[in-house]
Each structure stands twice: as C-alpha cells, then as structure tokens.
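The data block below is model-v2.pdb; it holds PDB, C-alpha atoms and all ligand atoms.
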MODEL        1
ATOM      1  CA  PRO N   1     100.193  61.890  36.216
ATOM      2  CA  LEU N   2     100.376  62.292  39.991
ATOM      3  CA  ARG N   3      96.667  62.713  40.405
ATOM      4  CA  THR N   4      94.660  63.192  43.594
ATOM      5  CA  ALA N   5      90.966  63.704  44.157
ATOM      6  CA  HIS N   6      91.602  67.455  44.004
ATOM      7  CA  GLY N   7      93.818  67.723  40.978
ATOM      8  CA  MET N   8      97.328  67.092  39.694
ATOM      9  CA  GLU N   9     100.429  67.343  41.837
ATOM     10  CA  GLY N  10     102.896  66.571  39.049
ATOM     11  CA  VAL N  11     104.090  63.896  36.683
ATOM     12  CA  LEU N  12     106.083  60.749  37.385
ATOM     13  CA  GLY N  13     108.739  59.680  34.884
ATOM     14  CA  VAL N  14     110.231  56.188  34.785
ATOM     15  CA  GLU N  15     113.694  55.542  33.445
ATOM     16  CA  GLN N  16     114.779  52.050  32.502
ATOM     17  CA  GLU N  17     118.424  51.037  32.425
ATOM     18  CA  GLU N  18     117.975  49.503  29.027
ATOM     19  CA  LEU N  19     114.959  49.849  26.875
ATOM     20  CA  VAL N  20     113.926  46.197  26.923
ATOM     21  CA  THR N  21     110.186  46.013  26.786
ATOM     22  CA  LEU N  22     107.267  48.206  27.622
ATOM     23  CA  LEU N  23     106.007  47.753  31.179
ATOM     24  CA  GLY N  24     103.934  44.683  31.840
ATOM     25  CA  ALA N  25     100.446  44.916  33.289
ATOM     26  CA  ASP N  26     101.624  44.157  36.869
ATOM     27  CA  GLU N  27     104.413  46.688  36.720
ATOM     28  CA  SER N  28     102.038  49.249  35.307
ATOM     29  CA  ARG N  29      99.560  48.681  38.122
ATOM     30  CA  MET N  30     102.321  48.940  40.706
ATOM     31  CA  LEU N  31     103.527  52.194  39.188
ATOM     32  CA  ASP N  32      99.981  53.543  39.169
ATOM     33  CA  ALA N  33      99.652  52.656  42.849
ATOM     34  CA  LEU N  34     103.014  54.300  43.624
ATOM     35  CA  ALA N  35     102.043  57.398  41.656
ATOM     36  CA  SER N  36      98.753  57.674  43.480
ATOM     37  CA  GLN N  37     100.400  57.210  46.917
ATOM     38  CA  SER N  38     103.086  59.760  46.049
ATOM     39  CA  ALA N  39     100.486  62.219  44.786
ATOM     40  CA  THR N  40      98.541  61.970  48.060
ATOM     41  CA  SER N  41     101.715  62.396  50.145
ATOM     42  CA  ILE N  42     102.871  65.382  48.134
ATOM     43  CA  GLU N  43      99.434  66.954  48.394
ATOM     44  CA  ARG N  44      99.380  66.390  52.163
ATOM     45  CA  ALA N  45     102.820  67.959  52.574
ATOM     46  CA  ARG N  46     101.837  70.922  50.402
ATOM     47  CA  LEU N  47      98.603  71.490  52.341
ATOM     48  CA  ALA N  48     100.486  71.279  55.653
ATOM     49  CA  THR N  49     102.929  73.949  54.466
ATOM     50  CA  GLU N  50     100.068  76.130  53.295
ATOM     51  CA  VAL N  51      98.294  75.811  56.639
ATOM     52  CA  GLN N  52     101.520  76.702  58.448
ATOM     53  CA  GLU N  53     102.084  79.709  56.212
ATOM     54  CA  ALA N  54      98.521  80.847  56.749
ATOM     55  CA  SER N  55      98.883  80.598  60.508
ATOM     56  CA  LEU N  56     102.192  82.488  60.385
ATOM     57  CA  ARG N  57     100.481  85.173  58.315
ATOM     58  CA  GLU N  58      97.667  85.289  60.820
ATOM     59  CA  GLU N  59     100.132  85.550  63.715
ATOM     60  CA  GLY N  60     101.907  88.329  61.813
ATOM     61  CA  ASP N  61      98.607  90.142  61.287
ATOM     62  CA  ARG N  62      97.757  89.748  64.961
ATOM     63  CA  LEU N  63     101.135  91.175  66.010
ATOM     64  CA  ARG N  64     100.823  93.997  63.535
ATOM     65  CA  SER N  65      97.411  95.004  64.776
ATOM     66  CA  ALA N  66      98.536  94.677  68.425
ATOM     67  CA  LEU N  67     101.478  96.879  67.572
ATOM     68  CA  LEU N  68      99.381  99.464  65.761
ATOM     69  CA  THR N  69      96.835  99.602  68.574
ATOM     70  CA  SER N  70      99.536 100.046  71.186
ATOM     71  CA  ILE N  71     101.483 102.510  69.127
ATOM     72  CA  SER N  72      98.499 104.715  68.525
ATOM     73  CA  HIS N  73      97.609 104.559  72.212
ATOM     74  CA  ASP N  74     101.073 104.711  73.667
ATOM     75  CA  PHE N  75     102.336 107.413  71.378
ATOM     76  CA  ARG N  76      99.305 109.618  71.663
ATOM     77  CA  THR N  77      99.305 110.068  75.433
ATOM     78  CA  PRO N  78     102.945 111.087  75.934
ATOM     79  CA  LEU N  79     102.854 113.157  72.747
ATOM     80  CA  ALA N  80      99.791 115.014  74.016
ATOM     81  CA  SER N  81     101.540 115.736  77.311
ATOM     82  CA  LEU N  82     104.696 116.793  75.480
ATOM     83  CA  LEU N  83     102.815 119.102  73.135
ATOM     84  CA  GLY N  84     100.714 120.519  75.976
ATOM     85  CA  ASN N  85     103.705 121.348  78.153
ATOM     86  CA  VAL N  86     105.857 122.787  75.387
ATOM     87  CA  THR N  87     102.966 124.849  73.952
ATOM     88  CA  SER N  88     102.146 126.250  77.396
ATOM     89  CA  VAL N  89     105.739 127.282  78.004
ATOM     90  CA  ILE N  90     105.991 128.916  74.561
ATOM     91  CA  THR N  91     102.617 130.666  74.732
ATOM     92  CA  TYR N  92     102.289 131.581  78.396
ATOM     93  CA  GLY N  93     105.902 131.259  79.490
ATOM     94  CA  GLU N  94     105.947 134.709  81.147
ATOM     95  CA  LEU N  95     102.954 133.904  83.309
ATOM     96  CA  TYR N  96     104.702 130.978  85.008
ATOM     97  CA  ASP N  97     107.429 131.263  87.599
ATOM     98  CA  ARG N  98     110.770 129.592  86.957
ATOM     99  CA  PRO N  99     110.179 126.370  88.976
ATOM    100  CA  THR N 100     106.832 125.771  87.234
ATOM    101  CA  ARG N 101     108.397 126.297  83.822
ATOM    102  CA  ASP N 102     111.268 123.971  84.719
ATOM    103  CA  GLU N 103     108.852 121.334  85.904
ATOM    104  CA  MET N 104     106.856 121.518  82.650
ATOM    105  CA  LEU N 105     109.982 121.253  80.544
ATOM    106  CA  GLY N 106     111.193 118.403  82.776
ATOM    107  CA  VAL N 107     108.010 116.465  82.083
ATOM    108  CA  ALA N 108     108.414 117.149  78.352
ATOM    109  CA  ARG N 109     111.988 115.857  78.480
ATOM    110  CA  MET N 110     110.975 112.740  80.394
ATOM    111  CA  GLU N 111     108.247 111.901  77.909
ATOM    112  CA  THR N 112     110.654 112.469  75.019
ATOM    113  CA  GLU N 113     113.217 110.157  76.588
ATOM    114  CA  ARG N 114     110.578 107.511  77.194
ATOM    115  CA  LEU N 115     109.401 107.723  73.597
ATOM    116  CA  SER N 116     112.915 107.429  72.275
ATOM    117  CA  ARG N 117     113.582 104.388  74.496
ATOM    118  CA  PHE N 118     110.375 102.907  73.199
ATOM    119  CA  VAL N 119     111.367 103.511  69.582
ATOM    120  CA  ARG N 120     114.803 101.999  70.274
ATOM    121  CA  ASN N 121     113.122  98.858  71.655
ATOM    122  CA  LEU N 122     110.987  98.625  68.525
ATOM    123  CA  MET N 123     114.073  98.934  66.356
ATOM    124  CA  ASP N 124     116.153  96.471  68.386
ATOM    125  CA  MET N 125     113.654  93.643  67.994
ATOM    126  CA  PRO N 126     114.198  92.825  64.294
ATOM    127  CA  ARG N 127     117.968  93.245  64.721
ATOM    128  CA  LEU N 128     117.879  90.754  67.571
ATOM    129  CA  ASP N 129     115.897  88.321  65.413
ATOM    130  CA  ALA N 130     118.343  88.636  62.563
ATOM    131  CA  GLY N 131     121.213  87.900  64.961
ATOM    132  CA  ALA N 132     122.609  91.354  64.171
ATOM    133  CA  ILE N 133     123.137  92.169  67.837
ATOM    134  CA  GLY N 134     126.265  90.226  68.660
ATOM    135  CA  PRO N 135     127.478  90.991  72.154
ATOM    136  CA  ARG N 136     130.803  92.748  72.609
ATOM    137  CA  THR N 137     131.827  91.258  75.904
ATOM    138  CA  GLU N 138     134.571  92.353  78.276
ATOM    139  CA  MET N 139     135.370  91.802  81.943
ATOM    140  CA  VAL N 140     133.288  94.324  83.860
ATOM    141  CA  ASP N 141     132.751  95.353  87.470
ATOM    142  CA  ILE N 142     128.987  94.990  87.858
ATOM    143  CA  SER N 143     128.800  98.067  90.088
ATOM    144  CA  ASP N 144     129.895 100.157  87.066
ATOM    145  CA  VAL N 145     126.922  98.850  85.082
ATOM    146  CA  VAL N 146     124.572  99.535  88.001
ATOM    147  CA  GLY N 147     125.979 103.045  88.478
ATOM    148  CA  SER N 148     125.694 103.871  84.800
ATOM    149  CA  ALA N 149     122.135 102.504  84.531
ATOM    150  CA  ILE N 150     121.028 104.462  87.602
ATOM    151  CA  ASN N 151     122.518 107.643  86.141
ATOM    152  CA  GLY N 152     120.733 106.996  82.858
ATOM    153  CA  ALA N 153     117.428 106.329  84.631
ATOM    154  CA  GLU N 154     117.801 109.142  87.168
ATOM    155  CA  ARG N 155     114.793 111.111  86.031
ATOM    156  CA  LEU N 156     112.623 107.987  85.753
ATOM    157  CA  LEU N 157     113.409 107.231  89.383
ATOM    158  CA  MET N 158     112.753 110.763  90.632
ATOM    159  CA  ARG N 159     109.551 109.796  92.403
ATOM    160  CA  HIS N 160     110.953 106.696  94.080
ATOM    161  CA  GLU N 161     113.415 105.910  96.815
ATOM    162  CA  LEU N 162     116.248 103.827  95.440
ATOM    163  CA  VAL N 163     117.876 101.333  97.831
ATOM    164  CA  ILE N 164     121.113  99.781  96.607
ATOM    165  CA  ASP N 165     122.617  96.716  98.210
ATOM    166  CA  MET N 166     125.947  95.747  96.647
ATOM    167  CA  PRO N 167     128.539  93.734  98.560
ATOM    168  CA  ALA N 168     132.023  95.201  98.140
ATOM    169  CA  GLU N 169     133.635  91.947  97.042
ATOM    170  CA  LEU N 170     131.960  90.786  93.876
ATOM    171  CA  PRO N 171     133.710  88.942  91.066
ATOM    172  CA  MET N 172     134.094  90.643  87.700
ATOM    173  CA  VAL N 173     131.820  89.257  85.006
ATOM    174  CA  ARG N 174     132.084  88.989  81.255
ATOM    175  CA  LEU N 175     129.273  90.976  79.650
ATOM    176  CA  ASP N 176     128.436  93.571  77.049
ATOM    177  CA  PHE N 177     128.296  96.836  78.989
ATOM    178  CA  VAL N 178     125.813  98.538  76.653
ATOM    179  CA  LEU N 179     123.408  95.589  76.491
ATOM    180  CA  ALA N 180     123.584  94.966  80.247
ATOM    181  CA  GLU N 181     122.948  98.639  80.990
ATOM    182  CA  HIS N 182     119.991  98.646  78.603
ATOM    183  CA  VAL N 183     118.500  95.614  80.406
ATOM    184  CA  LEU N 184     118.890  97.281  83.779
ATOM    185  CA  VAL N 185     117.404 100.603  82.618
ATOM    186  CA  ASN N 186     114.383  98.731  81.228
ATOM    187  CA  LEU N 187     113.896  96.938  84.565
ATOM    188  CA  LEU N 188     114.282 100.172  86.557
ATOM    189  CA  ASP N 189     111.863 101.918  84.193
ATOM    190  CA  ASN N 190     109.284  99.152  84.705
ATOM    191  CA  ALA N 191     109.773  99.177  88.478
ATOM    192  CA  ALA N 192     109.091 102.925  88.484
ATOM    193  CA  LYS N 193     106.195 102.651  86.025
ATOM    194  CA  TYR N 194     104.380  99.874  87.832
ATOM    195  CA  SER N 195     104.773 100.952  91.462
ATOM    196  CA  PRO N 196     103.349 103.953  93.318
ATOM    197  CA  ALA N 197     105.306 107.192  93.680
ATOM    198  CA  GLY N 198     107.161 107.387  96.972
ATOM    199  CA  SER N 199     107.673 103.623  97.261
ATOM    200  CA  ARG N 200     111.078 101.952  97.322
ATOM    201  CA  ILE N 201     112.929 100.222  94.494
ATOM    202  CA  HIS N 202     115.663  97.810  95.562
ATOM    203  CA  VAL N 203     118.689  96.912  93.465
ATOM    204  CA  ARG N 204     120.675  94.028  94.922
ATOM    205  CA  ALA N 205     123.727  92.194  93.667
ATOM    206  CA  ARG N 206     124.982  88.882  94.976
ATOM    207  CA  ARG N 207     126.914  85.833  93.994
ATOM    208  CA  GLU N 208     124.888  82.662  93.620
ATOM    209  CA  GLY N 209     127.176  79.718  92.786
ATOM    210  CA  PRO N 210     128.528  80.266  89.286
ATOM    211  CA  TRP N 211     126.229  83.251  88.697
ATOM    212  CA  LEU N 212     126.365  86.903  89.550
ATOM    213  CA  GLN N 213     122.797  87.991  90.127
ATOM    214  CA  LEU N 214     121.262  91.439  89.979
ATOM    215  CA  THR N 215     117.763  91.839  91.369
ATOM    216  CA  VAL N 216     115.425  94.766  90.817
ATOM    217  CA  SER N 217     112.361  94.671  93.041
ATOM    218  CA  ASP N 218     109.595  97.159  93.662
ATOM    219  CA  GLU N 219     106.693  97.685  96.032
ATOM    220  CA  GLY N 220     103.960  97.815  93.392
ATOM    221  CA  PRO N 221     101.112  95.333  92.916
ATOM    222  CA  GLY N 222     103.429  92.743  91.362
ATOM    223  CA  ILE N 223     102.653  90.632  88.340
ATOM    224  CA  PRO N 224      99.358  88.709  88.217
ATOM    225  CA  ALA N 225     100.109  84.989  88.642
ATOM    226  CA  ALA N 226      98.465  84.161  85.308
ATOM    227  CA  ALA N 227     100.730  86.662  83.537
ATOM    228  CA  LEU N 228     104.028  85.437  85.029
ATOM    229  CA  PRO N 229     104.714  82.693  82.460
ATOM    230  CA  ARG N 230     104.075  85.102  79.567
ATOM    231  CA  ILE N 231     105.761  88.213  80.845
ATOM    232  CA  PHE N 232     108.806  87.888  78.507
ATOM    233  CA  GLU N 233     106.723  87.362  75.371
ATOM    234  CA  ARG N 234     106.643  90.082  72.767
ATOM    235  CA  PHE N 235     103.728  92.464  72.913
ATOM    236  CA  TYR N 236     102.509  90.914  76.133
ATOM    237  CA  ARG N 237     101.187  93.376  78.686
ATOM    238  CA  ALA N 238      99.670  92.240  81.942
ATOM    239  CA  HIS N 239      98.179  95.655  82.653
ATOM    240  CA  ALA N 240      96.930  96.389  79.169
ATOM    241  CA  SER N 241      93.921  98.395  80.220
ATOM    242  CA  ASP N 242      95.603 101.137  82.213
ATOM    243  CA  TYR N 243      98.090 103.666  80.988
ATOM    244  CA  HIS N 244     101.587 103.333  82.414
ATOM    245  CA  GLY N 245     103.565 105.437  80.000
ATOM    246  CA  ALA N 246     104.753 104.463  76.561
ATOM    247  CA  GLY N 247     105.335 100.794  75.982
ATOM    248  CA  VAL N 248     104.029  97.939  73.925
ATOM    249  CA  GLY N 249     105.219  94.963  75.915
ATOM    250  CA  LEU N 250     108.566  94.741  74.145
ATOM    251  CA  GLY N 251     110.898  95.869  76.952
ATOM    252  CA  LEU N 252     111.105  92.510  78.715
ATOM    253  CA  ALA N 253     111.307  90.563  75.437
ATOM    254  CA  ILE N 254     114.319  92.707  74.541
ATOM    255  CA  CYS N 255     115.835  92.125  77.997
ATOM    256  CA  LYS N 256     115.479  88.381  77.548
ATOM    257  CA  GLY N 257     117.053  88.511  74.079
ATOM    258  CA  PHE N 258     119.986  90.603  75.306
ATOM    259  CA  MET N 259     120.584  88.350  78.320
ATOM    260  CA  ALA N 260     120.540  85.258  76.102
ATOM    261  CA  ALA N 261     122.991  86.942  73.720
ATOM    262  CA  MET N 262     125.386  87.395  76.688
ATOM    263  CA  GLY N 263     124.961  83.815  77.931
ATOM    264  CA  GLY N 264     122.905  85.060  80.875
ATOM    265  CA  ARG N 265     119.380  84.581  82.164
ATOM    266  CA  ILE N 266     116.455  86.635  83.329
ATOM    267  CA  SER N 267     113.541  85.582  85.499
ATOM    268  CA  ALA N 268     110.552  87.203  87.165
ATOM    269  CA  HIS N 269     108.589  86.461  90.289
ATOM    270  CA  ASN N 270     106.669  88.297  92.956
ATOM    271  CA  CYS N 271     108.131  89.110  96.352
ATOM    272  CA  PRO N 272     106.829  86.437  98.744
ATOM    273  CA  ASP N 273     105.263  88.728 101.362
ATOM    274  CA  GLY N 274     102.674  90.131  98.941
ATOM    275  CA  GLY N 275     105.175  92.763  97.834
ATOM    276  CA  GLY N 276     105.849  93.862  94.305
ATOM    277  CA  ALA N 277     107.574  92.386  91.288
ATOM    278  CA  ASN N 278     111.073  90.995  91.461
ATOM    279  CA  PHE N 279     113.270  90.619  88.372
ATOM    280  CA  THR N 280     116.580  88.787  88.522
ATOM    281  CA  VAL N 281     119.252  88.845  85.839
ATOM    282  CA  SER N 282     122.123  86.380  86.140
ATOM    283  CA  PHE N 283     125.517  86.671  84.475
ATOM    284  CA  PRO N 284     127.825  83.662  84.361
ATOM    285  CA  ILE N 285     131.003  84.117  86.372
ATOM    286  CA  ASP N 286     134.081  83.317  84.333
ATOM    287  CA  ALA N 287     135.635  81.473  87.255
ATOM    288  CA  PRO N 288     137.961  78.532  86.742
ATOM    289  CA  GLY N 289     136.051  75.292  87.150
ATOM    290  CA  TYR N 290     132.849  76.724  85.759
ATOM    291  CA  ASP N 291     131.675  76.640  82.212
ATOM    292  CA  ALA N 292     130.743  80.270  81.562
ATOM    293  CA  ALA N 293     128.211  79.446  78.854
ATOM    294  CA  THR N 294     126.066  77.059  80.885
ATOM    295  CA  GLY N 295     127.037  78.016  84.415
ATOM    296  CA  ALA N 296     127.596  74.344  85.215
ATOM    297  CA  LEU N 297     130.630  72.922  86.955
ATOM    298  CA  ARG N 298     132.988  71.625  84.281
ATOM    299  CA  GLY N 299     132.995  67.861  84.108
ATOM    300  CA  GLU N 300     129.684  67.661  85.942
ATOM    301  CA  PRO N 301     126.729  66.203  84.084
ATOM    302  CA  GLN N 302     124.243  68.762  82.852
ATOM    303  CA  PRO N 303     120.919  68.861  84.699
TER
HETATM  304  P1  LIG O 401     105.783  97.478  78.686
HETATM  305  O1  LIG O 401     106.272  98.279  77.553
HETATM  306  O2  LIG O 401     104.313  97.188  78.624
HETATM  307  O3  LIG O 401     106.221  97.948  80.016
HETATM  308  P2  LIG O 401     107.469  95.155  79.162
HETATM  309  O4  LIG O 401     107.860  94.066  78.223
HETATM  310  O5  LIG O 401     108.529  95.966  79.769
HETATM  311  O6  LIG O 401     106.438  96.056  78.374
HETATM  312  O7  LIG O 401     106.595  94.510  80.298
HETATM  313  C1  LIG O 401     105.566  93.605  79.962
HETATM  314  C2  LIG O 401     104.454  93.660  80.994
HETATM  315  O8  LIG O 401     104.934  93.119  82.222
HETATM  316  C3  LIG O 401     104.008  95.057  81.335
HETATM  317  O9  LIG O 401     103.034  95.520  80.451
HETATM  318  C4  LIG O 401     103.455  94.876  82.734
HETATM  319  O10 LIG O 401     102.131  94.406  82.643
HETATM  320  C5  LIG O 401     104.306  93.766  83.320
HETATM  321  N1  LIG O 401     105.379  94.291  84.198
HETATM  322  C6  LIG O 401     106.647  94.552  83.871
HETATM  323  N2  LIG O 401     107.357  94.998  84.920
HETATM  324  C7  LIG O 401     106.506  95.018  85.967
HETATM  325  C8  LIG O 401     106.610  95.396  87.356
HETATM  326  N3  LIG O 401     107.764  95.832  87.882
HETATM  327  N4  LIG O 401     105.491  95.278  88.130
HETATM  328  C9  LIG O 401     104.329  94.827  87.621
HETATM  329  N5  LIG O 401     104.158  94.461  86.316
HETATM  330  C10 LIG O 401     105.223  94.566  85.495
ENDMDL
END
Same coordinates, now as structure tokens:
Amino acid sequence: PLRTAHGMEGVLGVEQEELVTLLGADESRMLDALASQSATSIERARLATEVQEASLREEGDRLRSALLTSISHDFRTPLASLLGNVTSVITYGELYDRPTRDEMLGVARMETERLSRFVRNLMDMPRLDAGAIGPRTEMVDISDVVGSAINGAERLLMRHELVIDMPAELPMVRLDFVLAEHVLVNLLDNAAKYSPAGSRIHVRARREGPWLQLTVSDEGPGIPAAALPRIFERFYRAHASDYHGAGVGLGLAICKGFMAAMGGRISAHNCPDGGGANFTVSFPIDAPGYDAATGALRGEPQP
C-alpha cells in the first residue's frame, strides 16, 4: 500500500522478470521505503492540484460576483433612463414639443446602443478565450477604419469636439476591419465617457518605425497612476464608485485581446501635461524588411 500519514494513495505492484524467489528482507525494506516516498510525493502533487483548483474556483466566484454586481448596477441605470424616456413619450407625448420628444428618444436610443455594445463585449470574452475569434485580415487603409468607427460612434461623441490628425501618406496595414473598428469604437466611447462634455477628443495616426499607430486621447482626468498597470485586466475599473454609463471593465480587455489576435499592440498612458488619458494601438506594417508578426527588422536579433 502507498500509505501516508493521512491515508492511502494507492497500491504498488512489483513485477519480476522471472519468478525466482520471494523478496529478501533488504529488498522488501527498500520497496517499503520507495512506496512510502512515492505515496508522499503523490499526496503532495494531489494536494497542490486541489489547492490550485480551489483558488481557480475562488477566482471564478470573485469574477462572477464582480460581474453580477456590475451588471445589476450598470444595467439598472441605463434601463431606468430608457424606460423613463420611452414611458414619458408614450404617456405624455402630446405635451412635449417635437425637439424635446426627439431628444428623449435620442437618449433612449443611445442607452440602448450602449447596452447592446456592453452585451456584445460580455459575449465576445468567452469566444476570445476559446480562440473562436480568428482575425480575417486584409490590407486596409487605416483612414477607412477611423472613418467607419467615427460614424459608428457619432452619437457617443455628440457632446465632444473631435479633432482628427491623419497624415495623407500612410502605409496600408494588414488588419481585421471589424475587430479594428470595434477596438476604436471602444476607445472613443471611453474617451467620451471619462471626459467632460465640451472637451476635445484627439484621434491621431502616424507611422512609428515598423508600426502604424493610432492614438485616442481625451481631456478628462486621465487614469490614476496606480490603475495604469491593471487597466487592461478583465473587470477592472479605476473609477468603480461613480457611474459612467454601462460597463463592467471588459472593454479594454476585449481591445487587448483583439489587438493581440491581429498581431498588434495596445498601450495606455496619461498625457504628460496633466491632460487626460491617451490610448495607442499599433498595427504592424507589412513592409519588406520587417517581420509583420513581431515588428522587428528581419535578421535583427529580438530585443
Ligand atoms: P468600462 O466598461 O468600465 O469602461 P473598460 O475596460 O473600457 O471598462 O475600462 C476600464 C477602466 O479604465 C474604466 O473603468 C476606467 O476606470 C478606466 N478608463 C478607461 N478609459 C479611460 C479614459 N479615457 N480616461 C480615464 N479612465 C479610463
């Protein structure tokens, strides 16, 4: 028996090539020692696995409760505004003039769109984990992605001044149009959510060595220094206490996953002069001489 102080881990069988004699006393003792050592090792390995499983379960429970808390909070507020606006228009529609009615319905539409983006983020996460989101890349003019994302986010950006800085001569890049647009809409949405109405949001494109970089920066409070290293983690929210529209801290995790799937990168920092947050996404340029996957010069040692 493979016995430990806490119980049995199994049984050890010994096979002899030929059945000569029964084991001698020395051999028996050695086998006993081996069995006892093996039993302890097996027990240690089993306990380690159990501890790991327990901590994974705990992590899962923590995520689930974070998710439930955020969902109940983040769904309730926009839903209340949606219901309030739609009910008012249905019940008292005649009492309001046209612009007021339009404004109320506009708010209802914006909240609906935000909720559906939020639900899409929630649904994308497990697909990303399972590797189900394979990028469909093609050569794309980055200004098309920017244009399409800005169109898609038009209503989110209504209260901000958008400043676009795109040099005319930019190389084409290989990317998945849908994923790249989704990343950009998420960044524009955040910029609008986390900066005051009336402030400016900058979108800049430039070439930086083997990378084509897109930067979205805002004039909000920026990201607290302590939060910067964690900003791309799932369910992480730096401004958890105040309401900034629906969201559970998944948007940036999705952006990071999508960028990685396209062989790109995403990074965050604050504008140096005490300005707002600055997010940069980089797509590898498929130029001869560069390795598109790593962005390094071919033949050069990797850093
Ligand atoms: P959320 O759904 O909470 O917006 P994200 O993953 O998009 O989730 O963002 C994670 C956190 O990063 C946000 O909760 C917010 O605290 C912070 N953040 C994101 N974008 C900005 C920004 N432009 N300015 C300041 N903080 C930001």
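If you look at atom CA of Gln16 of chain N and atom CA of Leu31 of chain N, they are 13.1 Å away from each other.
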Checklist entry - Can you list, as JSON, numbers by chain, the residues that the PyMOL selection byres (((chain N and resi 265-275) around 9) and not hetatm) selects here? => result {"N": [217, 218, 219, 220, 221, 222, 223, 224, 225, 228, 229, 231, 232, 255, 256, 259, 260, 262, 263, 264, 276, 277, 278, 279, 280, 281, 282, 283, 284]}
Checklist entry - Residues at most 6 Å from ligand LIG 401 (chain O), using all atoms listed in the file? Could they come as a count of residues only? => result 18
Next on the checklist: With the PyMOL selection byres (((chain N and resi 178) around 12) and not hetatm) as the selection, what would be picked from this file? Answer as a list in words, please.
Outcome noted: Ile133, Gly134, Pro135, Arg136, Thr137, Glu138, Val140, Asp144, Val145, Val146, Ser148, Ala149, Gly152, Leu175, Asp176, Phe177, Leu179, Ala180, Glu181, His182, Val183, Leu184, Val185, Cys255, Phe258, Met259 and Met262 of chain N
Checklist entry - atom CA of Ala33 of chain N to atom CA of Ala5 of chain N: how many Å, to one decimal? => result 14.1 Å
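In this structure, atom CA of Thr112 of chain N sits 17.6 Å away from atom CA of Arg159 of chain N.
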